[in-house]
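Report on the structure given below.
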Amino acid sequence: MTLGEVVKALDLKVLVGADLLGRAVRGGYASDMLSDVLAHSEEGYVWVTVQIHPNVSAVATAKNLAAIVITNGRSPEAETLRKAEEKKIPVLASTWSTYKVAGRLYELGIE
Amino acid sequence: MNESIRRARRVKKTEQLSYSLRIGEAMNKRVLALTTDRTMMDLRGVLKDHRISGVPILESGRLLGIVSIEDLINCLRLGQMERTVGDVMTTEVVTLFADEPLIQAVKMFGKHGFGRFPVLDRTTGKVVGIVTKKDIMQCLLKRLQSLYHAKESRKKPISENGRLLADLPSDETALTLKYAVNGGDFRKAGEKSDQLKESLLKLGYADVDIRRLIIAVLEAEMNLAIFTDRGEITARIDPHRISVKVSDEGPGIPDIELAMQPGYSTAPEFVRELGFGAGMGLPNIKKSTDEMKIESSPGVGTNLEFSVLFR
């Protein structure tokens, strides 16, 4: 499944990376602890979190994640978006909670 | 990348090319031509043998007219195959010049229904080639392919996984990259590990081969940013290993054994709220590397060393 299909299915807002939505989504991970994500996410995963500070982009870059999904309608800091843009990490946003976003992703077959 | 965007980019590239390339580069220079005295029967043979659909009529390089497969069909229908091509040919021929941009040919194909245009040299006025839609397509594809190859070869790193170092004659070769990390500035944490990653990529290391090392460095960098005033990360690159030393003059770790236990953390609450200090930093570093050593004296500082081996 591509990121574009996920964006459509969950009605996500694309904050960064409108040109990167062809990327394949290989799995997903939901956590707000950075070390936890570093330890357990894998390349090509979408990461669902409420964290909005720039280190989010650093973690996603280090793990080569497919995208970051920010939940609860939170707005990422400008520096987070700038870093993501520079590193070509798509940043998506949802007004839903992490629980609901993760559930919908799972329903789509993303495990 | 989105497929439609990718397609749009490709179209844009071919459009650019069609402006920069000249018709002379795309045209077929081996022009099959007939003189006015040949018959439509002869034309039939030429079209059939060479699988083409039209032939210019020339006299010592000058264009007199053009005959096409449509003319041939007409003559066949009327039983006029003995007529000469000079008699049948269209004399008002639309031509192009070899020095015109390719886009001009594209426009002319759009404007007229013709399958081919004779190409003239602007100064001599003589026919130097003939161009069909197929010629244009082949020319663009060829150019796109060579651009692609040029791009691919530029991408090629200078060596493979640090093999460059092994190729330098010496008794011992190593490269050292040093990074200073400011404490308290944990929002910037990740900058140095990313710089190291970029440097290693430039040295020819594959992204996937250095990923676990970079995770370890990022964890260490976050530790420096959260717990110390300042620290230093030194990466030493040897032909078959990368060793990283992380040193600081921070508070030190009173009980290393405890700190190595997953989940144990002394991070302040405000840092934890940002998702740091999960008590997984050191265990993560150990998990991500092949060797790890840590020494710490409370009040003096901490020295952490880890390395990743390459074949």
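Following the order of the structure tokens, chains are lettered A, B, ..., residues in each are numbered from 1, and ligands are numbered from 1.
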Chain B contacts to chain A at 8 Å (only C-alpha atoms) as a ChimeraX atom specification: /B:1-3,5,187-191,194,211,214-215,218-219,274-278,280-281,284
Take the residues that were just selected and, keeping C-alpha atoms, output them as a CSV table (one decimal), in the first residue's frame.
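Output file again.csv follows:
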chain,number,residue,atom,x,y,z
B,1,MET,CA,6.9,9.7,-5.7
B,2,ASN,CA,3.4,10.0,-6.9
B,3,GLU,CA,3.1,8.4,-10.4
B,5,ILE,CA,3.9,13.8,-10.7
B,187,ARG,CA,15.8,19.9,20.5
B,188,LYS,CA,18.8,20.0,18.2
B,189,ALA,CA,19.9,16.4,19.1
B,190,GLY,CA,20.1,14.4,16.0
B,191,GLU,CA,22.0,17.0,14.0
B,194,ASP,CA,22.8,13.0,10.8
B,211,ARG,CA,21.7,2.3,10.2
B,214,ILE,CA,23.6,5.8,13.5
B,215,ILE,CA,20.8,4.7,15.9
B,218,LEU,CA,21.7,9.3,17.9
B,219,GLU,CA,20.9,7.7,21.3
B,274,LEU,CA,8.9,15.0,25.0
B,275,GLY,CA,9.5,11.3,24.6
B,276,PHE,CA,13.1,11.2,25.8
B,277,GLY,CA,14.4,9.4,28.8
B,278,ALA,CA,12.5,6.2,28.3
B,280,MET,CA,16.2,2.7,26.7
B,281,GLY,CA,19.1,4.7,25.5
B,284,ASN,CA,19.5,0.4,22.6
Nearby residues (only C-alpha atoms) at most 8 Å from range 135-138 of chain B, same-chain spacing under 5 positions excluded, as a PyMOL selection string: chain B and resi 26-28+102
Next, dump the selected residues to file, keeping only N, CA and C atoms, as a compact mmCIF listing (two decimals), in the first residue's frame.
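out.txt, freshly written:
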# COMPACT_ATOMS: atom_id res chain seq x y z
N ALA B 26 18.26 14.53 -34.67
CA ALA B 26 17.26 13.47 -34.63
C ALA B 26 17.02 12.84 -36.00
N MET B 27 17.27 13.64 -37.05
CA MET B 27 16.89 13.18 -38.41
C MET B 27 17.71 11.99 -38.87
N ASN B 28 17.13 11.30 -39.84
CA ASN B 28 17.84 10.20 -40.49
C ASN B 28 18.63 10.81 -41.64
N LEU B 102 14.08 20.78 -32.04
CA LEU B 102 13.24 19.61 -32.26
C LEU B 102 11.76 19.94 -32.08
Thr123 in chain B environment, 12 Å, only C-alpha atoms, sequence neighbours closer than 6 positions dropped, as an MDAnalysis selection string: chainID B and resid 97:99
Could the residues in this selection be written to a file with N, CA and C atoms, as a tab-separated table (two decimals), in the first residue's frame?
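What follows is the written file selection.tsv:
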chain	number	residue	atom	x	y	z
B	97	PHE	N	14.45	22.99	-41.23
B	97	PHE	CA	15.89	23.18	-41.31
B	97	PHE	C	16.58	22.39	-40.20
B	98	ALA	N	17.77	21.91	-40.53
B	98	ALA	CA	18.50	21.05	-39.58
B	98	ALA	C	18.86	21.78	-38.29
B	99	ASP	N	18.97	23.11	-38.34
B	99	ASP	CA	19.39	23.83	-37.14
B	99	ASP	C	18.20	24.29	-36.28
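Of the residues listed (A:Val48, A:Leu15, A:Ile89, A:Leu108), A:Leu15 shows the shortest atom-to-atom separation from Ser75 in chain A; distances use only C-alpha atoms.
Residues lying within 10 Å of Ile256 in chain B, counting only C-alpha atoms and ignoring same-chain neighbours fewer than 2 positions away, are Gly252, Ile253, Pro254, Leu258, Ala259, Met260, Gln261, Leu282, Ile294, Glu295, Ser296 and Ser297 of chain B.
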Output file for the selection above: N, CA and C atoms, as a compact mmCIF listing (two decimals), in the first residue's frame:
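Wrote out02.txt, looks like this:
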# COMPACT_ATOMS: atom_id res chain seq x y z
N GLY B 252 27.85 12.08 35.37
CA GLY B 252 28.27 10.70 35.55
C GLY B 252 27.08 9.81 35.86
N ILE B 253 27.32 8.50 35.75
CA ILE B 253 26.25 7.54 36.03
C ILE B 253 26.61 6.78 37.30
N PRO B 254 25.84 6.94 38.39
CA PRO B 254 26.19 6.30 39.67
C PRO B 254 26.16 4.78 39.58
N LEU B 258 22.45 -0.55 36.64
CA LEU B 258 21.05 -0.13 36.69
C LEU B 258 20.67 0.63 35.41
N ALA B 259 21.60 1.49 34.97
CA ALA B 259 21.33 2.30 33.77
C ALA B 259 21.19 1.44 32.52
N MET B 260 21.84 0.27 32.56
CA MET B 260 21.77 -0.63 31.41
C MET B 260 20.46 -1.39 31.36
N GLN B 261 19.72 -1.34 32.45
CA GLN B 261 18.44 -2.08 32.46
C GLN B 261 17.37 -1.30 31.70
N LEU B 282 20.82 3.44 26.65
CA LEU B 282 21.99 2.55 26.72
C LEU B 282 21.67 1.13 26.24
N ILE B 294 31.44 1.06 28.73
CA ILE B 294 31.08 2.35 29.34
C ILE B 294 31.79 2.50 30.69
N GLU B 295 32.35 3.67 30.90
CA GLU B 295 33.00 3.99 32.18
C GLU B 295 32.46 5.33 32.64
N SER B 296 32.20 5.40 33.95
CA SER B 296 31.65 6.67 34.42
C SER B 296 32.03 6.91 35.87
N SER B 297 32.35 8.15 36.17
CA SER B 297 32.59 8.52 37.57
C SER B 297 31.64 9.66 37.90
Residue neighbourhood Leu32 in chain B, 12 Å, only C-alpha atoms, exclusion window fewer than 3 positions, as a compact mmCIF listing (two decimals) with C-alpha atoms, in the first residue's frame:
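Contents of selection_31.txt, as written:
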# COMPACT_ATOMS: atom_id res chain seq x y z
CA ASN B 28 17.84 10.20 -40.49
CA LYS B 29 20.80 11.26 -42.60
CA THR B 35 14.70 11.13 -59.40
CA LEU B 43 8.32 3.74 -55.86
CA VAL B 46 11.41 1.30 -52.60
CA LEU B 47 8.59 1.71 -50.07
CA ASP B 49 11.91 -2.86 -49.47
CA HIS B 50 12.68 -0.19 -46.92
CA ARG B 51 9.34 -0.23 -45.09
CA ILE B 52 8.91 3.50 -45.42
CA SER B 53 5.87 5.54 -46.37
CA GLY B 54 7.25 8.36 -48.48
CA VAL B 55 10.23 9.40 -50.56
CA PRO B 56 11.56 12.84 -51.54
CA ILE B 57 12.30 13.51 -55.17
CA LEU B 58 15.71 15.08 -55.62
CA GLY B 61 20.55 17.40 -53.73
CA ILE B 66 7.71 14.31 -52.39
CA VAL B 67 5.68 11.17 -53.10
CA PRO B 118 12.58 16.58 -45.54
CA VAL B 127 18.36 18.05 -48.44
CA VAL B 128 20.51 16.70 -45.60
CA GLY B 129 18.04 14.32 -43.99
CA ILE B 130 14.49 13.26 -43.40
CA VAL B 131 12.66 13.18 -40.09
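Shortest separation to Thr266 in chain B among B:Phe227, B:Thr302, B:Ile23, B:Asp290 occurs at residue B:Phe227, atoms counted being only C-alpha atoms.
Take the candidates B:Leu63, B:Ile103, B:Ile237, B:Leu224 and check each one against Leu304 in chain B using only C-alpha atoms; the shortest distance goes to B:Leu224.
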Atomic distance CA of Leu196 in chain B - CA of Pro169 in chain B, expressed in Å with one decimal: 24.8 Å
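Residues with any atom within 12 Å of Met1 in chain A, counting only C-alpha atoms and excluding same-chain neighbours fewer than 4 positions away, are Glu5, Val6, Val7, Lys8, Ala9, Leu21, Gly22, Arg23, Ala24, Val25, Arg26, Gly27, Gly28, Gly44, Tyr45, Val46, Ala66, Leu105, Leu108, Gly109, Ile110 and Glu111 of chain A.
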The selected residues should be written to file as a PDB file, in the first residue's frame (atoms: N, CA and C atoms).
ATOM      1  N   GLU A   5      -2.391   6.215  -0.707  1.00  0.00           N
ATOM      2  CA  GLU A   5      -3.624   5.478  -0.407  1.00  0.00           C
ATOM      3  C   GLU A   5      -3.992   5.619   1.065  1.00  0.00           C
ATOM      4  N   VAL A   6      -2.955   5.608   1.921  1.00  0.00           N
ATOM      5  CA  VAL A   6      -3.191   5.774   3.356  1.00  0.00           C
ATOM      6  C   VAL A   6      -3.758   7.167   3.640  1.00  0.00           C
ATOM      7  N   VAL A   7      -3.158   8.162   3.006  1.00  0.00           N
ATOM      8  CA  VAL A   7      -3.612   9.546   3.190  1.00  0.00           C
ATOM      9  C   VAL A   7      -5.083   9.670   2.821  1.00  0.00           C
ATOM     10  N   LYS A   8      -5.445   9.007   1.712  1.00  0.00           N
ATOM     11  CA  LYS A   8      -6.825   9.083   1.227  1.00  0.00           C
ATOM     12  C   LYS A   8      -7.773   8.361   2.194  1.00  0.00           C
ATOM     13  N   ALA A   9      -7.367   7.154   2.587  1.00  0.00           N
ATOM     14  CA  ALA A   9      -8.248   6.330   3.419  1.00  0.00           C
ATOM     15  C   ALA A   9      -8.486   6.962   4.797  1.00  0.00           C
ATOM     16  N   LEU A  21       4.306  10.761  -1.889  1.00  0.00           N
ATOM     17  CA  LEU A  21       3.230   9.865  -1.467  1.00  0.00           C
ATOM     18  C   LEU A  21       3.199   8.539  -2.229  1.00  0.00           C
ATOM     19  N   GLY A  22       4.101   8.385  -3.179  1.00  0.00           N
ATOM     20  CA  GLY A  22       4.163   7.118  -3.904  1.00  0.00           C
ATOM     21  C   GLY A  22       4.924   6.055  -3.119  1.00  0.00           C
ATOM     22  N   ARG A  23       5.541   6.474  -2.042  1.00  0.00           N
ATOM     23  CA  ARG A  23       6.331   5.584  -1.185  1.00  0.00           C
ATOM     24  C   ARG A  23       5.489   4.432  -0.635  1.00  0.00           C
ATOM     25  N   ALA A  24       6.078   3.249  -0.572  1.00  0.00           N
ATOM     26  CA  ALA A  24       5.350   2.087  -0.060  1.00  0.00           C
ATOM     27  C   ALA A  24       5.386   2.070   1.472  1.00  0.00           C
ATOM     28  N   VAL A  25       4.263   1.694   2.065  1.00  0.00           N
ATOM     29  CA  VAL A  25       4.190   1.585   3.516  1.00  0.00           C
ATOM     30  C   VAL A  25       4.350   0.113   3.894  1.00  0.00           C
ATOM     31  N   ARG A  26       5.387  -0.196   4.668  1.00  0.00           N
ATOM     32  CA  ARG A  26       5.673  -1.594   4.990  1.00  0.00           C
ATOM     33  C   ARG A  26       5.141  -2.020   6.345  1.00  0.00           C
ATOM     34  N   GLY A  27       4.743  -1.060   7.128  1.00  0.00           N
ATOM     35  CA  GLY A  27       4.251  -1.396   8.455  1.00  0.00           C
ATOM     36  C   GLY A  27       4.017  -0.126   9.229  1.00  0.00           C
ATOM     37  N   GLY A  28       3.628  -0.287  10.488  1.00  0.00           N
ATOM     38  CA  GLY A  28       3.371   0.900  11.277  1.00  0.00           C
ATOM     39  C   GLY A  28       3.821   0.714  12.711  1.00  0.00           C
ATOM     40  N   GLY A  44      10.574   2.018   6.337  1.00  0.00           N
ATOM     41  CA  GLY A  44       9.330   1.978   5.571  1.00  0.00           C
ATOM     42  C   GLY A  44       8.071   1.971   6.419  1.00  0.00           C
ATOM     43  N   TYR A  45       8.218   2.060   7.741  1.00  0.00           N
ATOM     44  CA  TYR A  45       7.049   2.112   8.622  1.00  0.00           C
ATOM     45  C   TYR A  45       6.476   3.526   8.687  1.00  0.00           C
ATOM     46  N   VAL A  46       5.152   3.619   8.928  1.00  0.00           N
ATOM     47  CA  VAL A  46       4.597   4.916   9.306  1.00  0.00           C
ATOM     48  C   VAL A  46       4.613   4.970  10.827  1.00  0.00           C
ATOM     49  N   ALA A  66       8.749   5.669   6.532  1.00  0.00           N
ATOM     50  CA  ALA A  66       7.996   6.124   5.356  1.00  0.00           C
ATOM     51  C   ALA A  66       7.323   7.459   5.617  1.00  0.00           C
ATOM     52  N   LEU A 105      -5.240   2.136  10.531  1.00  0.00           N
ATOM     53  CA  LEU A 105      -4.106   1.633   9.748  1.00  0.00           C
ATOM     54  C   LEU A 105      -4.112   0.110   9.763  1.00  0.00           C
ATOM     55  N   LEU A 108      -6.573  -1.344   7.518  1.00  0.00           N
ATOM     56  CA  LEU A 108      -6.152  -1.256   6.100  1.00  0.00           C
ATOM     57  C   LEU A 108      -5.174  -2.372   5.741  1.00  0.00           C
ATOM     58  N   GLY A 109      -4.750  -3.120   6.737  1.00  0.00           N
ATOM     59  CA  GLY A 109      -3.820  -4.219   6.472  1.00  0.00           C
ATOM     60  C   GLY A 109      -2.377  -3.856   6.793  1.00  0.00           C
ATOM     61  N   ILE A 110      -2.181  -2.660   7.375  1.00  0.00           N
ATOM     62  CA  ILE A 110      -0.826  -2.266   7.769  1.00  0.00           C
ATOM     63  C   ILE A 110      -0.578  -2.752   9.189  1.00  0.00           C
ATOM     64  N   GLU A 111       0.387  -3.647   9.329  1.00  0.00           N
ATOM     65  CA  GLU A 111       0.591  -4.253  10.654  1.00  0.00           C
ATOM     66  C   GLU A 111       1.948  -3.887  11.238  1.00  0.00           C
TER      67      GLU A 111
END
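The spacing separating CA of Lys142 in chain B from CA of Arg116 in chain B amounts to 20.0 Å.
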Å distance separating CA of Lys178 in chain B from CA of Ala166 in chain B, one decimal place: 21.0 Å
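Proximity of B:Leu168, B:Ile210, B:Val300, B:Leu140 to Gln16 in chain B, computed with only C-alpha atoms, is greatest for B:Leu140.
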Which of range 63-118 of chain B fall in alpha helix (DSSP H), as a ChimeraX atom specification: /B:69-78,85-88,102-111
Picked from range 9-241 of chain B by DSSP as strand (DSSP E), as a PyMOL selection string: chain B and resi 54-59+62-68+96-97+116-120+127-132+175-182+230-238+241
Residues as selected, N, CA and C atoms, written as a tab-separated table (two decimals), in the first residue's frame, can you do that?
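Okay, this is what ended up in again_39.tsv:
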chain	number	residue	atom	x	y	z
B	54	GLY	N	7.14	7.22	-47.58
B	54	GLY	CA	7.25	8.36	-48.48
B	54	GLY	C	8.69	8.60	-48.89
B	55	VAL	N	8.87	9.20	-50.04
B	55	VAL	CA	10.23	9.40	-50.56
B	55	VAL	C	10.32	10.80	-51.20
B	56	PRO	N	11.38	11.56	-50.87
B	56	PRO	CA	11.56	12.84	-51.54
B	56	PRO	C	12.11	12.64	-52.96
B	57	ILE	N	11.79	13.57	-53.80
B	57	ILE	CA	12.30	13.51	-55.17
B	57	ILE	C	13.37	14.59	-55.29
B	58	LEU	N	14.58	14.15	-55.62
B	58	LEU	CA	15.71	15.08	-55.62
B	58	LEU	C	16.36	15.16	-56.99
B	59	GLU	N	17.01	16.31	-57.19
B	59	GLU	CA	17.87	16.44	-58.36
B	59	GLU	C	19.12	17.13	-57.87
B	62	ARG	N	18.84	18.90	-54.57
B	62	ARG	CA	17.74	19.87	-54.41
B	62	ARG	C	16.40	19.15	-54.37
B	63	LEU	N	15.56	19.63	-53.54
B	63	LEU	CA	14.25	19.02	-53.34
B	63	LEU	C	13.27	19.54	-54.39
B	64	LEU	N	12.69	18.60	-55.16
B	64	LEU	CA	11.71	19.00	-56.16
B	64	LEU	C	10.29	18.70	-55.69
B	65	GLY	N	10.16	17.65	-54.91
B	65	GLY	CA	8.83	17.25	-54.44
B	65	GLY	C	8.90	16.04	-53.55
B	66	ILE	N	7.73	15.48	-53.25
B	66	ILE	CA	7.71	14.31	-52.39
B	66	ILE	C	6.57	13.41	-52.84
B	67	VAL	N	6.78	12.11	-52.79
B	67	VAL	CA	5.68	11.17	-53.10
B	67	VAL	C	5.50	10.27	-51.89
B	68	SER	N	4.24	9.97	-51.60
B	68	SER	CA	3.97	9.17	-50.42
B	68	SER	C	3.14	7.94	-50.77
B	96	LEU	N	11.81	21.39	-43.08
B	96	LEU	CA	12.37	21.92	-41.84
B	96	LEU	C	13.86	22.15	-42.07
B	97	PHE	N	14.45	22.99	-41.23
B	97	PHE	CA	15.89	23.18	-41.31
B	97	PHE	C	16.58	22.39	-40.20
B	116	ARG	N	6.33	12.59	-42.58
B	116	ARG	CA	7.77	12.85	-42.64
B	116	ARG	C	8.01	14.25	-43.20
B	117	PHE	N	9.11	14.82	-42.81
B	117	PHE	CA	9.51	16.11	-43.37
B	117	PHE	C	10.94	16.02	-43.86
B	118	PRO	N	11.20	16.48	-45.10
B	118	PRO	CA	12.58	16.58	-45.54
B	118	PRO	C	13.26	17.69	-44.74
B	119	VAL	N	14.53	17.48	-44.42
B	119	VAL	CA	15.27	18.47	-43.64
B	119	VAL	C	16.34	19.10	-44.53
B	120	LEU	N	16.35	20.44	-44.57
B	120	LEU	CA	17.29	21.15	-45.43
B	120	LEU	C	18.39	21.83	-44.63
B	127	VAL	N	18.93	19.02	-49.37
B	127	VAL	CA	18.36	18.05	-48.44
B	127	VAL	C	19.48	17.32	-47.71
B	128	VAL	N	19.47	17.38	-46.37
B	128	VAL	CA	20.51	16.70	-45.60
B	128	VAL	C	19.95	15.54	-44.78
B	129	GLY	N	18.62	15.42	-44.75
B	129	GLY	CA	18.04	14.32	-43.99
B	129	GLY	C	16.54	14.30	-44.12
B	130	ILE	N	15.94	13.36	-43.41
B	130	ILE	CA	14.49	13.26	-43.40
B	130	ILE	C	14.09	12.88	-41.97
B	131	VAL	N	13.01	13.45	-41.49
B	131	VAL	CA	12.66	13.18	-40.09
B	131	VAL	C	11.21	12.69	-39.97
B	132	THR	N	11.04	11.61	-39.20
B	132	THR	CA	9.70	11.06	-38.94
B	132	THR	C	9.44	11.15	-37.43
B	175	LEU	N	40.31	7.25	9.59
B	175	LEU	CA	39.77	8.59	9.38
B	175	LEU	C	38.98	8.95	10.63
B	176	THR	N	39.19	10.15	11.13
B	176	THR	CA	38.50	10.54	12.36
B	176	THR	C	37.56	11.71	12.10
B	177	LEU	N	36.35	11.57	12.55
B	177	LEU	CA	35.38	12.66	12.44
B	177	LEU	C	34.94	13.02	13.84
B	178	LYS	N	35.05	14.31	14.18
B	178	LYS	CA	34.76	14.73	15.54
B	178	LYS	C	33.57	15.69	15.55
B	179	TYR	N	32.70	15.50	16.53
B	179	TYR	CA	31.52	16.37	16.64
B	179	TYR	C	31.35	16.85	18.08
B	180	ALA	N	31.11	18.16	18.21
B	180	ALA	CA	30.86	18.72	19.54
B	180	ALA	C	29.35	18.83	19.74
B	181	VAL	N	28.90	18.39	20.90
B	181	VAL	CA	27.46	18.44	21.19
B	181	VAL	C	27.23	19.35	22.39
B	182	ASN	N	26.33	20.30	22.23
B	182	ASN	CA	25.99	21.19	23.34
B	182	ASN	C	24.87	20.59	24.17
B	230	ARG	N	28.09	19.68	27.98
B	230	ARG	CA	28.66	19.52	26.65
B	230	ARG	C	29.35	18.17	26.55
B	231	GLY	N	29.50	17.74	25.32
B	231	GLY	CA	30.17	16.46	25.12
B	231	GLY	C	30.75	16.40	23.72
B	232	GLU	N	31.39	15.28	23.46
B	232	GLU	CA	32.06	15.16	22.18
B	232	GLU	C	31.83	13.75	21.63
B	233	ILE	N	31.58	13.69	20.34
B	233	ILE	CA	31.43	12.39	19.69
B	233	ILE	C	32.56	12.27	18.67
B	234	THR	N	33.37	11.23	18.81
B	234	THR	CA	34.45	11.02	17.86
B	234	THR	C	34.26	9.67	17.18
B	235	ALA	N	34.15	9.72	15.87
B	235	ALA	CA	34.01	8.47	15.12
B	235	ALA	C	35.32	8.19	14.41
B	236	ARG	N	35.85	7.00	14.65
B	236	ARG	CA	37.08	6.60	13.98
B	236	ARG	C	36.71	5.51	12.98
B	237	ILE	N	37.06	5.78	11.72
B	237	ILE	CA	36.70	4.85	10.67
B	237	ILE	C	37.92	4.08	10.23
B	238	ASP	N	37.94	2.80	10.53
B	238	ASP	CA	39.00	1.92	10.07
B	238	ASP	C	38.44	1.09	8.93
B	241	ARG	N	35.96	-1.46	10.53
B	241	ARG	CA	35.16	-1.15	11.70
B	241	ARG	C	34.99	0.35	11.83
Spatial neighbours of Lys100 in chain A, 12 Å, only C-alpha atoms, chain gap at least 6 places, as a list of chain:residue names: A:Leu10, A:Ala30, A:Val48, A:Thr49, A:Val69, A:Thr71, A:Asn72, A:Ser94, A:Tyr106, A:Glu107
